[in-house]
Amino acid sequence: MAEPKPEIPFKTPVTLELEPGTYWFCRCGKSQDQPFCDGSHRQEGLFSPLEFTIERQQRVKLCRCKHTHTPPYCDKTHLTLD
């Protein structure tokens, strides 16, 4: 049986200026609040969000294709997706 794949809501990352704090990165691709989790993963239970912490205000490029190898950050994997 093949491993489940997340949905691809966007094939481009998003650049955000984040304040210090804890964030929850969507890994299922179903959230309406991309790139953050809105609880949509609970419908199927296949994916759980990734908690990440920002220590100081900073600009980050977050993945929205859900196939990055460095979640929650974009590693340009979106450039290789069909």
# chains A, B, ... in the order shown; residues from 1 in each chain; ligands from 1
$ select_by_dssp --residues "chain A" --states "strand (DSSP E or B)" --output "ChimeraX atom specification"
/A:14-18,21-25,36,50-54,58-62,73
$ closest_atom_pairs --of "region 38-67 of chain A" --to "region 20-30 of chain A" --cutoff "6 Å" --atoms "only C-alpha atoms" --output "CSV"
residue,atom,partner,partner_atom,distance
A:Ser40,CA,A:Lys30,CA,5.8
A:His41,CA,A:Cys28,CA,6.0
A:Phe47,CA,A:Cys28,CA,5.5
A:Pro49,CA,A:Cys26,CA,5.0
A:Leu50,CA,A:Phe25,CA,4.9
A:Glu51,CA,A:Trp24,CA,4.6
A:Phe52,CA,A:Tyr23,CA,5.4
A:Thr53,CA,A:Thr22,CA,4.4
A:Ile54,CA,A:Pro20,CA,4.8
A:Glu55,CA,A:Pro20,CA,5.0
A:Arg56,CA,A:Pro20,CA,4.8
A:Gln57,CA,A:Pro20,CA,5.4
A:Lys66,CA,A:Arg27,CA,5.9
$ write_last_selection --atoms "C-alpha atoms" --output "PDB file, in the first residue's frame"
ATOM      1  CA  SER A  40      -8.917  20.006   8.394  1.00  0.00           C
ATOM      2  CA  HIS A  41      -6.598  17.001   8.842  1.00  0.00           C
ATOM      3  CA  PHE A  47      -1.592  13.808   8.692  1.00  0.00           C
ATOM      4  CA  PRO A  49       0.290  19.465  11.815  1.00  0.00           C
ATOM      5  CA  LEU A  50       3.918  20.343  12.492  1.00  0.00           C
ATOM      6  CA  GLU A  51       4.574  22.607  15.460  1.00  0.00           C
ATOM      7  CA  PHE A  52       7.367  25.115  14.938  1.00  0.00           C
ATOM      8  CA  THR A  53       8.649  28.033  16.958  1.00  0.00           C
ATOM      9  CA  ILE A  54       9.949  31.411  15.847  1.00  0.00           C
ATOM     10  CA  GLU A  55      12.353  32.867  18.413  1.00  0.00           C
ATOM     11  CA  ARG A  56      12.602  36.393  16.983  1.00  0.00           C
ATOM     12  CA  GLN A  57      10.666  38.390  14.403  1.00  0.00           C
ATOM     13  CA  LYS A  66       3.451  20.193   1.168  1.00  0.00           C
TER      14      LYS A  66
END
$ closest_residue --among "A:Cys63, A:Glu19, A:Phe36, A:Arg42" --to "His78 (chain A)" --atoms "only C-alpha atoms"
A:Cys63
$ atom_distance --atom1 "CA of Lys61 (chain A)" --atom2 "CA of Thr15 (chain A)"
4.3 Å
$ closest_residue --among "A:Cys65, A:Val60, A:Cys37, A:Leu18" --to "Lys5 (chain A)" --atoms "only C-alpha atoms"
A:Cys65
$ select_by_dssp --residues "chain A" --states "helix (DSSP H, G or I)" --output "list in words"
Ser40, His41, Arg42, Gln43, Thr77, His78, Leu79 and Thr80 of chain A
$ write_last_selection --atoms "C-alpha atoms" --output "PDB file, in the first residue's frame"
ATOM      1  CA  SER A  40      -8.917  20.006   8.394  1.00  0.00           C
ATOM      2  CA  HIS A  41      -6.598  17.001   8.842  1.00  0.00           C
ATOM      3  CA  ARG A  42      -8.981  15.585  11.442  1.00  0.00           C
ATOM      4  CA  GLN A  43     -11.416  14.501   8.701  1.00  0.00           C
ATOM      5  CA  THR A  77      10.560  20.975  -4.316  1.00  0.00           C
ATOM      6  CA  HIS A  78       7.524  22.651  -5.913  1.00  0.00           C
ATOM      7  CA  LEU A  79       9.649  23.205  -9.025  1.00  0.00           C
ATOM      8  CA  THR A  80       9.747  19.423  -9.630  1.00  0.00           C
TER       9      THR A  80
END
$ atom_distance --atom1 "CA of Lys76 (chain A)" --atom2 "CA of Arg59 (chain A)"
16.8 Å
$ closest_residue --among "A:Cys74, A:Gln58, A:Gly45, A:Glu3" --to "Leu16 (chain A)" --atoms "only C-alpha atoms"
A:Gln58
